[in-house]
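> Sharing input-v9.csv here; it has CSV, C-alpha atoms.
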chain,number,residue,atom,x,y,z
A,28,MET,CA,-0.7,-37.6,-57.6
A,29,LEU,CA,2.5,-35.8,-56.6
A,30,LEU,CA,1.1,-32.5,-57.7
A,31,ARG,CA,-2.0,-33.1,-55.7
A,32,VAL,CA,-0.1,-33.9,-52.5
A,33,SER,CA,2.2,-30.9,-53.0
A,34,ALA,CA,-0.9,-28.6,-53.4
A,35,ILE,CA,-2.4,-30.0,-50.2
A,36,VAL,CA,0.8,-29.5,-48.3
A,37,ALA,CA,1.1,-25.9,-49.6
A,38,VAL,CA,-2.5,-25.1,-48.6
A,39,GLY,CA,-1.7,-26.6,-45.1
A,40,LEU,CA,1.4,-24.5,-44.7
A,41,LEU,CA,-0.5,-21.3,-45.8
A,42,LEU,CA,-3.3,-22.1,-43.2
A,43,GLY,CA,-0.7,-22.7,-40.6
A,44,LEU,CA,1.0,-19.4,-41.3
A,45,LEU,CA,-2.4,-17.6,-41.2
A,46,VAL,CA,-3.3,-19.1,-37.8
A,47,TYR,CA,0.1,-18.2,-36.4
A,48,GLY,CA,-0.2,-14.7,-37.7
A,49,LEU,CA,-3.6,-14.3,-36.0
A,50,ILE,CA,-2.3,-15.7,-32.7
A,51,ALA,CA,0.8,-13.5,-32.8
A,52,LYS,CA,-1.3,-10.4,-33.3
A,53,ALA,CA,-3.8,-11.2,-30.5
A,54,PRO,CA,-3.0,-8.6,-27.8
A,55,GLY,CA,-3.6,-10.9,-24.9
A,56,VAL,CA,-1.4,-13.6,-26.3
A,57,SER,CA,1.3,-11.1,-27.1
A,58,LEU,CA,1.2,-9.5,-23.6
A,59,ASP,CA,1.4,-12.8,-21.8
A,60,GLN,CA,4.1,-14.1,-24.2
A,61,GLY,CA,6.1,-11.0,-23.5
A,62,ILE,CA,5.9,-11.7,-19.8
A,63,ALA,CA,6.9,-15.3,-20.3
A,64,ASP,CA,9.8,-14.3,-22.5
A,65,SER,CA,11.0,-11.6,-20.1
A,66,SER,CA,10.5,-9.2,-23.0
A,67,PRO,CA,7.4,-7.2,-21.8
A,68,ARG,CA,5.3,-5.5,-24.5
A,69,ILE,CA,4.1,-1.9,-24.4
A,70,ALA,CA,0.6,-1.7,-23.0
A,71,PRO,CA,-2.2,-1.2,-25.6
A,72,ALA,CA,-3.7,2.2,-25.9
A,73,MET,CA,-6.3,3.3,-23.4
A,74,ARG,CA,-8.3,6.6,-23.1
A,75,LEU,CA,-11.4,6.4,-21.0
A,76,PRO,CA,-13.8,8.7,-19.1
A,77,VAL,CA,-13.5,8.9,-15.3
A,78,LEU,CA,-16.2,7.0,-13.4
A,79,ALA,CA,-14.9,7.9,-10.0
A,80,PRO,CA,-11.8,10.0,-9.2
A,81,PRO,CA,-9.3,8.9,-6.5
A,82,GLU,CA,-10.1,10.3,-3.1
A,83,PRO,CA,-7.9,13.0,-1.7
A,84,GLY,CA,-4.6,11.8,-0.2
A,85,PRO,CA,-1.2,10.7,-1.4
A,86,ALA,CA,-1.1,9.8,-5.1
A,87,PRO,CA,1.3,10.3,-8.0
A,88,PRO,CA,1.1,13.9,-9.3
A,89,LYS,CA,0.8,12.6,-12.9
A,90,LEU,CA,-2.4,10.7,-11.8
A,91,ARG,CA,-3.9,14.0,-10.6
A,92,ARG,CA,-3.0,15.8,-13.8
A,93,ALA,CA,-4.2,13.0,-16.0
A,94,ILE,CA,-7.8,13.1,-14.6
A,95,ALA,CA,-8.1,16.9,-14.8
A,96,ASP,CA,-10.0,16.8,-18.1
A,97,GLY,CA,-12.4,14.1,-17.0
A,98,SER,CA,-10.7,11.3,-18.9
A,99,VAL,CA,-7.5,9.2,-18.6
A,100,ASP,CA,-5.0,8.3,-21.2
A,101,LEU,CA,-2.6,5.6,-20.1
A,102,ARG,CA,0.2,7.5,-21.9
A,103,GLU,CA,-0.2,10.3,-19.4
A,104,LEU,CA,0.8,7.9,-16.7
A,105,GLN,CA,4.1,7.0,-18.2
A,106,GLY,CA,6.8,7.1,-15.5
A,107,VAL,CA,4.4,5.8,-12.9
A,108,PRO,CA,3.9,2.1,-12.0
A,109,VAL,CA,0.2,1.3,-12.7
A,110,VAL,CA,-2.2,-1.5,-11.6
A,111,ILE,CA,-5.1,-1.9,-13.9
A,112,ASN,CA,-8.0,-4.0,-12.8
A,113,PHE,CA,-10.9,-4.9,-15.2
A,114,TRP,CA,-14.2,-5.5,-13.3
A,115,ALA,CA,-18.0,-5.4,-13.3
A,116,SER,CA,-20.5,-5.1,-10.5
A,117,TRP,CA,-22.3,-8.4,-11.5
A,118,CYS,CA,-19.0,-10.3,-11.3
A,119,GLU,CA,-18.9,-12.2,-7.9
A,120,PRO,CA,-15.1,-12.8,-8.0
A,121,CYS,CA,-14.7,-9.0,-8.6
A,122,ARG,CA,-16.6,-8.5,-5.3
A,123,ALA,CA,-14.3,-11.0,-3.6
A,124,GLU,CA,-11.2,-9.2,-4.6
A,125,ALA,CA,-12.4,-5.6,-4.0
A,126,GLY,CA,-11.1,-5.3,-0.5
A,127,VAL,CA,-7.7,-6.7,-1.5
A,128,LEU,CA,-7.3,-4.0,-4.2
A,129,GLU,CA,-8.4,-1.2,-1.9
A,130,GLN,CA,-6.0,-2.3,0.8
A,131,GLY,CA,-3.2,-2.6,-1.8
A,132,TRP,CA,-3.9,0.9,-3.1
A,133,ARG,CA,-3.9,2.4,0.4
A,134,GLN,CA,-0.5,0.6,1.2
A,135,SER,CA,1.2,1.7,-2.1
A,136,ARG,CA,-0.3,5.0,-3.1
A,137,ALA,CA,2.2,7.0,-1.0
A,138,ASP,CA,5.0,5.2,-2.8
A,139,GLY,CA,3.9,6.5,-6.2
A,140,VAL,CA,1.9,3.6,-7.5
A,141,ALA,CA,-1.3,4.3,-9.4
A,142,PHE,CA,-4.4,2.1,-9.3
A,143,VAL,CA,-7.0,2.2,-12.1
A,144,GLY,CA,-10.2,0.2,-11.9
A,145,LEU,CA,-11.7,-0.3,-15.4
A,146,ASN,CA,-15.4,-1.0,-15.3
A,147,MET,CA,-17.0,-2.6,-18.3
A,148,GLN,CA,-20.3,-4.4,-19.4
A,149,ASP,CA,-22.1,-2.7,-16.6
A,150,LEU,CA,-24.7,0.0,-15.8
A,151,THR,CA,-23.3,3.2,-14.5
A,152,ASP,CA,-25.5,3.2,-11.4
A,153,ASP,CA,-24.6,-0.4,-10.5
A,154,ALA,CA,-20.9,0.4,-11.0
A,155,GLN,CA,-21.1,3.4,-8.7
A,156,ALA,CA,-23.0,1.4,-6.1
A,157,PHE,CA,-20.2,-1.2,-6.2
A,158,ILE,CA,-17.6,1.5,-5.6
A,159,ASP,CA,-19.6,3.0,-2.7
A,160,GLU,CA,-20.3,-0.5,-1.2
A,161,PHE,CA,-16.6,-1.4,-1.0
A,162,GLY,CA,-15.3,2.1,-0.3
A,163,LEU,CA,-13.0,2.1,-3.3
A,164,SER,CA,-10.9,5.2,-3.1
A,165,TYR,CA,-8.7,4.7,-6.2
A,166,LEU,CA,-9.4,5.9,-9.7
A,167,ASN,CA,-12.1,4.1,-11.7
A,168,VAL,CA,-12.8,4.6,-15.4
A,169,ARG,CA,-15.5,3.2,-17.6
A,170,ASP,CA,-15.3,1.3,-20.9
A,171,LYS,CA,-18.8,1.4,-22.5
A,172,SER,CA,-17.7,-0.2,-25.8
A,173,ASP,CA,-15.4,-3.0,-24.7
A,174,GLU,CA,-12.9,-1.7,-27.1
A,175,VAL,CA,-10.1,-1.5,-24.5
A,176,ALA,CA,-10.9,-5.0,-23.2
A,177,THR,CA,-10.7,-6.3,-26.8
A,178,ARG,CA,-7.4,-4.5,-27.4
A,179,TRP,CA,-5.9,-6.0,-24.2
A,180,GLY,CA,-7.1,-9.5,-25.1
A,181,LEU,CA,-9.4,-9.8,-22.1
A,182,THR,CA,-11.1,-13.2,-21.8
A,183,GLY,CA,-13.1,-12.8,-18.5
A,184,LEU,CA,-13.5,-10.9,-15.3
A,185,PRO,CA,-11.7,-10.0,-13.2
A,186,GLU,CA,-8.2,-9.6,-14.8
A,187,THR,CA,-5.4,-7.4,-13.4
A,188,TYR,CA,-2.4,-6.1,-15.3
A,189,PHE,CA,0.7,-4.4,-13.9
A,190,VAL,CA,2.4,-1.8,-16.0
A,191,ASP,CA,5.9,-0.5,-15.3
A,192,ARG,CA,7.2,3.1,-15.6
A,193,ALA,CA,8.1,2.5,-19.3
A,194,GLY,CA,4.5,1.6,-20.1
A,195,ARG,CA,5.2,-2.1,-20.4
A,196,VAL,CA,3.0,-4.9,-19.1
A,197,VAL,CA,5.2,-6.9,-16.7
A,198,ALA,CA,2.6,-9.1,-14.9
A,199,HIS,CA,-0.9,-10.3,-15.4
A,200,VAL,CA,-3.3,-12.2,-13.1
A,201,ILE,CA,-6.4,-13.9,-14.7
A,202,GLY,CA,-9.1,-14.3,-12.1
A,203,ALA,CA,-9.5,-12.8,-8.6
A,204,VAL,CA,-6.2,-11.4,-7.5
A,205,SER,CA,-4.8,-12.3,-4.0
A,206,ALA,CA,-2.8,-10.0,-1.7
A,207,ASP,CA,0.4,-11.9,-2.5
A,208,GLN,CA,-0.1,-11.6,-6.2
A,209,LEU,CA,-0.9,-7.9,-5.9
A,210,ARG,CA,2.4,-7.4,-4.0
A,211,THR,CA,4.3,-9.4,-6.6
A,212,GLY,CA,2.8,-7.5,-9.5
A,213,ILE,CA,3.4,-4.1,-7.9
A,214,GLU,CA,7.1,-5.0,-7.2
A,215,ALA,CA,7.5,-6.1,-10.8
A,216,ALA,CA,5.9,-2.8,-12.0
A,217,ARG,CA,8.2,-0.8,-9.8
A,218,ALA,CA,11.3,-2.8,-10.8
A,219,GLY,CA,10.5,-3.0,-14.5
A,220,GLU,CA,10.9,-6.7,-14.5
A,221,ALA,CA,8.5,-9.2,-16.0
A,222,VAL,CA,7.3,-11.9,-13.6
A,223,SER,CA,4.7,-14.6,-13.4
A,224,ALA,CA,2.2,-13.7,-10.7
A,225,GLY,CA,0.5,-17.0,-11.1
A,226,SER,CA,-3.1,-17.9,-11.8
A,227,GLY,CA,-5.8,-16.0,-10.0
A,228,GLY,CA,-9.0,-17.2,-8.3
A,229,ASP,CA,-12.5,-17.5,-9.7
A,230,ARG,CA,-13.6,-15.5,-12.7
A,231,ARG,CA,-16.6,-15.0,-14.9
A,232,SER,CA,-16.9,-15.0,-18.7
A,233,ILE,CA,-17.4,-11.7,-20.5
A,234,ARG,CA,-21.1,-11.2,-21.5
Would you encode the structure as structure tokens?

Amino acid sequence: MLLRVSAIVAVGLLLGLLVYGLIAKAPGVSLDQGIADSSPRIAPAMRLPVLAPPEPGPAPPKLRRAIADGSVDLRELQGVPVVINFWASWCEPCRAEAGVLEQGWRQSRADGVAFVGLNMQDLTDDAQAFIDEFGLSYLNVRDKSDEVATRWGLTGLPETYFVDRAGRVVAHVIGAVSADQLRTGIEAARAGEAVSAGSGGDRRSIR
């Protein structure tokens, strides 16, 4: 009987360790935990084709150089505070926050902050129509495979991440981002300090 109980306990401990290991390795959990612990994690890798380049005007020189070959590698933007927004044209909350993001970009681009819209689970024509409709003038890239979203631990749309000059994720908003949350995240990215930007507004499940 004692051996049987010991075996059950051992199996339970092994399962517990396995679950813990899977959670610890989940990118989204790790990124958010790093923010909560004030020990921000390095942003997961990202290299994607340009969907729409930023319009002419003030922008970090590294951003201009990064898009020269038609794709963007996040490592090319190291040294620049970056706002990364995951979106899709069919996502109603993404439409609600589009104006907030555009205004935030126009207010901070001259200060050396880069904005990257990351379109996913979408048709190219629909995505381009969305960009045109809302007059988005910041860089947008496209993830056709969802690989980047998976790597970052995305659970829905929209989600916005703030990356500091060292390439660390210092803030994260799940759901439609507000103007106040955008300012808080940008300040964190510029200062290199992890902050809780709070929960965002509405969101949609990934298809």
> Just checking: using only C-alpha atoms, which residue out of A:Thr177, A:Thr151, A:Gln134, A:Asn167 ends up closest to A:Pro71?
A:Thr177
> Would you please work out which residue, of A:Arg169, A:Arg195, A:Arg231, A:Lys89, is nearest to A:Ile69 when using all atoms listed in the file?
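Under the stated criterion, the closest residue is A:Arg195.
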> For the point (12.2, -11.7, -18.9) in file coordinates, what residues are within 9 Å, counting only C-alpha atoms? Give the answer as a list in words?
Gly61, Ile62, Ala63, Asp64, Ser65, Ser66, Pro67, Val197, Glu220, Ala221 and Val222 of chain A
> Need the shell around stretch 226-229 of chain A: protein/DNA/RNA residues with any atom at most 12 Å away, counting all atoms listed in the file. Skip same-chain ones fewer than 6 positions apart. Format as an mmCIF file with C-alpha atoms, in the frame of the given file?

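Listing of around-v3.cif after writing:
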data_model
loop_
_atom_site.group_PDB
_atom_site.id
_atom_site.type_symbol
_atom_site.label_atom_id
_atom_site.label_comp_id
_atom_site.auth_asym_id
_atom_site.auth_seq_id
_atom_site.Cartn_x
_atom_site.Cartn_y
_atom_site.Cartn_z
ATOM 1 C CA CYS A 118 -19.000 -10.300 -11.300
ATOM 2 C CA GLU A 119 -18.900 -12.200 -7.900
ATOM 3 C CA PRO A 120 -15.100 -12.800 -8.000
ATOM 4 C CA CYS A 121 -14.700 -9.000 -8.600
ATOM 5 C CA ARG A 122 -16.600 -8.500 -5.300
ATOM 6 C CA ALA A 123 -14.300 -11.000 -3.600
ATOM 7 C CA GLU A 124 -11.200 -9.200 -4.600
ATOM 8 C CA GLY A 183 -13.100 -12.800 -18.500
ATOM 9 C CA LEU A 184 -13.500 -10.900 -15.300
ATOM 10 C CA PRO A 185 -11.700 -10.000 -13.200
ATOM 11 C CA GLU A 186 -8.200 -9.600 -14.800
ATOM 12 C CA THR A 187 -5.400 -7.400 -13.400
ATOM 13 C CA TYR A 188 -2.400 -6.100 -15.300
ATOM 14 C CA ALA A 198 2.600 -9.100 -14.900
ATOM 15 C CA HIS A 199 -0.900 -10.300 -15.400
ATOM 16 C CA VAL A 200 -3.300 -12.200 -13.100
ATOM 17 C CA ILE A 201 -6.400 -13.900 -14.700
ATOM 18 C CA GLY A 202 -9.100 -14.300 -12.100
ATOM 19 C CA ALA A 203 -9.500 -12.800 -8.600
ATOM 20 C CA VAL A 204 -6.200 -11.400 -7.500
ATOM 21 C CA SER A 205 -4.800 -12.300 -4.000
ATOM 22 C CA ALA A 206 -2.800 -10.000 -1.700
ATOM 23 C CA ASP A 207 0.400 -11.900 -2.500
ATOM 24 C CA GLN A 208 -0.100 -11.600 -6.200
ATOM 25 C CA LEU A 209 -0.900 -7.900 -5.900
#
> Tell me, in Å to one decimal, how far atom CA of A:Pro108 is from atom CA of A:Arg192.
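Atom CA of A:Arg192 lies 5.0 Å from atom CA of A:Pro108.
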> Record the distance separating atom CA of A:Ala70 and atom CA of A:Leu101, expressed in Å with one decimal.
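One can read the atom CA of A:Ala70 to atom CA of A:Leu101 distance as 8.5 Å.
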> Using only C-alpha atoms, pick whichever of A:Ser223, A:Asp59, A:Ala125, A:Ala218 has the shortest atom-to-atom distance to A:Asp159.
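Under the stated criterion, the closest residue is A:Ala125.
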> For each of A:Gly219, A:Ala79, A:Leu104, A:Trp117, take the minimum atom-to-atom distance to A:Gly162, counting only C-alpha atoms, then give the residue where this is smallest.
A:Ala79
> What is the atom CA of A:Ala176 to atom CA of A:Ala216 distance in Å?
20.3 Å
> Grab stretch 53-129 of chain A from that structure and dump C-alpha atoms to a file, as a compact mmCIF listing (two decimals), in the first residue's frame.

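Generated output (decode_34.txt):
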# COMPACT_ATOMS: atom_id res chain seq x y z
CA ALA A 53 5.27 29.67 -23.01
CA PRO A 54 6.43 32.96 -24.59
CA GLY A 55 3.38 35.00 -23.61
CA VAL A 56 3.53 33.85 -19.99
CA SER A 57 7.27 34.50 -19.86
CA LEU A 58 6.95 38.00 -21.32
CA ASP A 59 4.16 39.00 -18.97
CA GLN A 60 5.92 37.42 -16.01
CA GLY A 61 9.05 39.39 -16.84
CA ILE A 62 7.02 42.60 -16.79
CA ALA A 63 5.39 41.65 -13.48
CA ASP A 64 8.78 40.82 -11.95
CA SER A 65 10.39 44.01 -13.31
CA SER A 66 12.81 41.72 -15.16
CA PRO A 67 11.73 42.21 -18.78
CA ARG A 68 12.52 39.43 -21.24
CA ILE A 69 14.12 39.84 -24.65
CA ALA A 70 11.45 40.07 -27.35
CA PRO A 71 11.03 36.89 -29.43
CA ALA A 72 12.51 36.91 -32.91
CA MET A 73 10.56 38.56 -35.70
CA ARG A 74 11.40 38.91 -39.40
CA LEU A 75 8.45 39.73 -41.67
CA PRO A 76 7.77 41.25 -45.11
CA VAL A 77 6.66 44.86 -45.33
CA LEU A 78 2.96 45.30 -46.04
CA ALA A 79 3.04 49.11 -46.06
CA PRO A 80 6.13 51.26 -45.39
CA PRO A 81 5.95 54.33 -43.15
CA GLU A 82 5.02 57.51 -44.96
CA PRO A 83 7.72 60.15 -45.48
CA GLY A 84 8.47 62.28 -42.46
CA PRO A 85 10.32 62.03 -39.15
CA ALA A 86 11.25 58.46 -38.21
CA PRO A 87 14.20 56.67 -36.58
CA PRO A 88 16.98 56.22 -39.18
CA LYS A 89 17.25 52.55 -38.19
CA LEU A 90 13.63 52.07 -39.18
CA ARG A 91 14.30 53.41 -42.67
CA ARG A 92 17.36 51.19 -43.05
CA ALA A 93 15.53 48.13 -41.73
CA ILE A 94 12.84 48.25 -44.42
CA ALA A 95 15.23 48.85 -47.32
CA ASP A 96 15.23 45.17 -48.32
CA GLY A 97 11.43 44.82 -48.11
CA SER A 98 11.36 43.00 -44.78
CA VAL A 99 11.92 43.89 -41.13
CA ASP A 100 13.96 42.04 -38.54
CA LEU A 101 13.28 43.26 -35.01
CA ARG A 102 16.99 42.95 -34.25
CA GLU A 103 17.62 45.71 -36.80
CA LEU A 104 15.66 48.08 -34.58
CA GLN A 105 17.72 47.50 -31.45
CA GLY A 106 18.51 50.88 -29.93
CA VAL A 107 15.03 52.17 -30.84
CA PRO A 108 11.91 52.10 -28.63
CA VAL A 109 9.29 50.09 -30.55
CA VAL A 110 5.51 49.75 -30.33
CA ILE A 111 4.25 46.51 -31.90
CA ASN A 112 0.52 46.16 -32.50
CA PHE A 113 -1.00 42.85 -33.67
CA TRP A 114 -4.19 43.38 -35.72
CA ALA A 115 -6.52 42.16 -38.47
CA SER A 116 -9.06 43.97 -40.64
CA TRP A 117 -11.97 41.75 -39.47
CA CYS A 118 -11.24 42.60 -35.81
CA GLU A 119 -13.72 45.30 -34.68
CA PRO A 120 -11.65 46.33 -31.61
CA CYS A 121 -8.68 46.79 -33.98
CA ARG A 122 -10.77 49.28 -35.91
CA ALA A 123 -11.68 51.09 -32.69
CA GLU A 124 -8.04 51.59 -31.68
CA ALA A 125 -6.63 52.45 -35.14
CA GLY A 126 -7.02 56.19 -34.68
CA VAL A 127 -5.36 56.06 -31.26
CA LEU A 128 -2.32 54.28 -32.70
CA GLU A 129 -2.03 56.66 -35.65
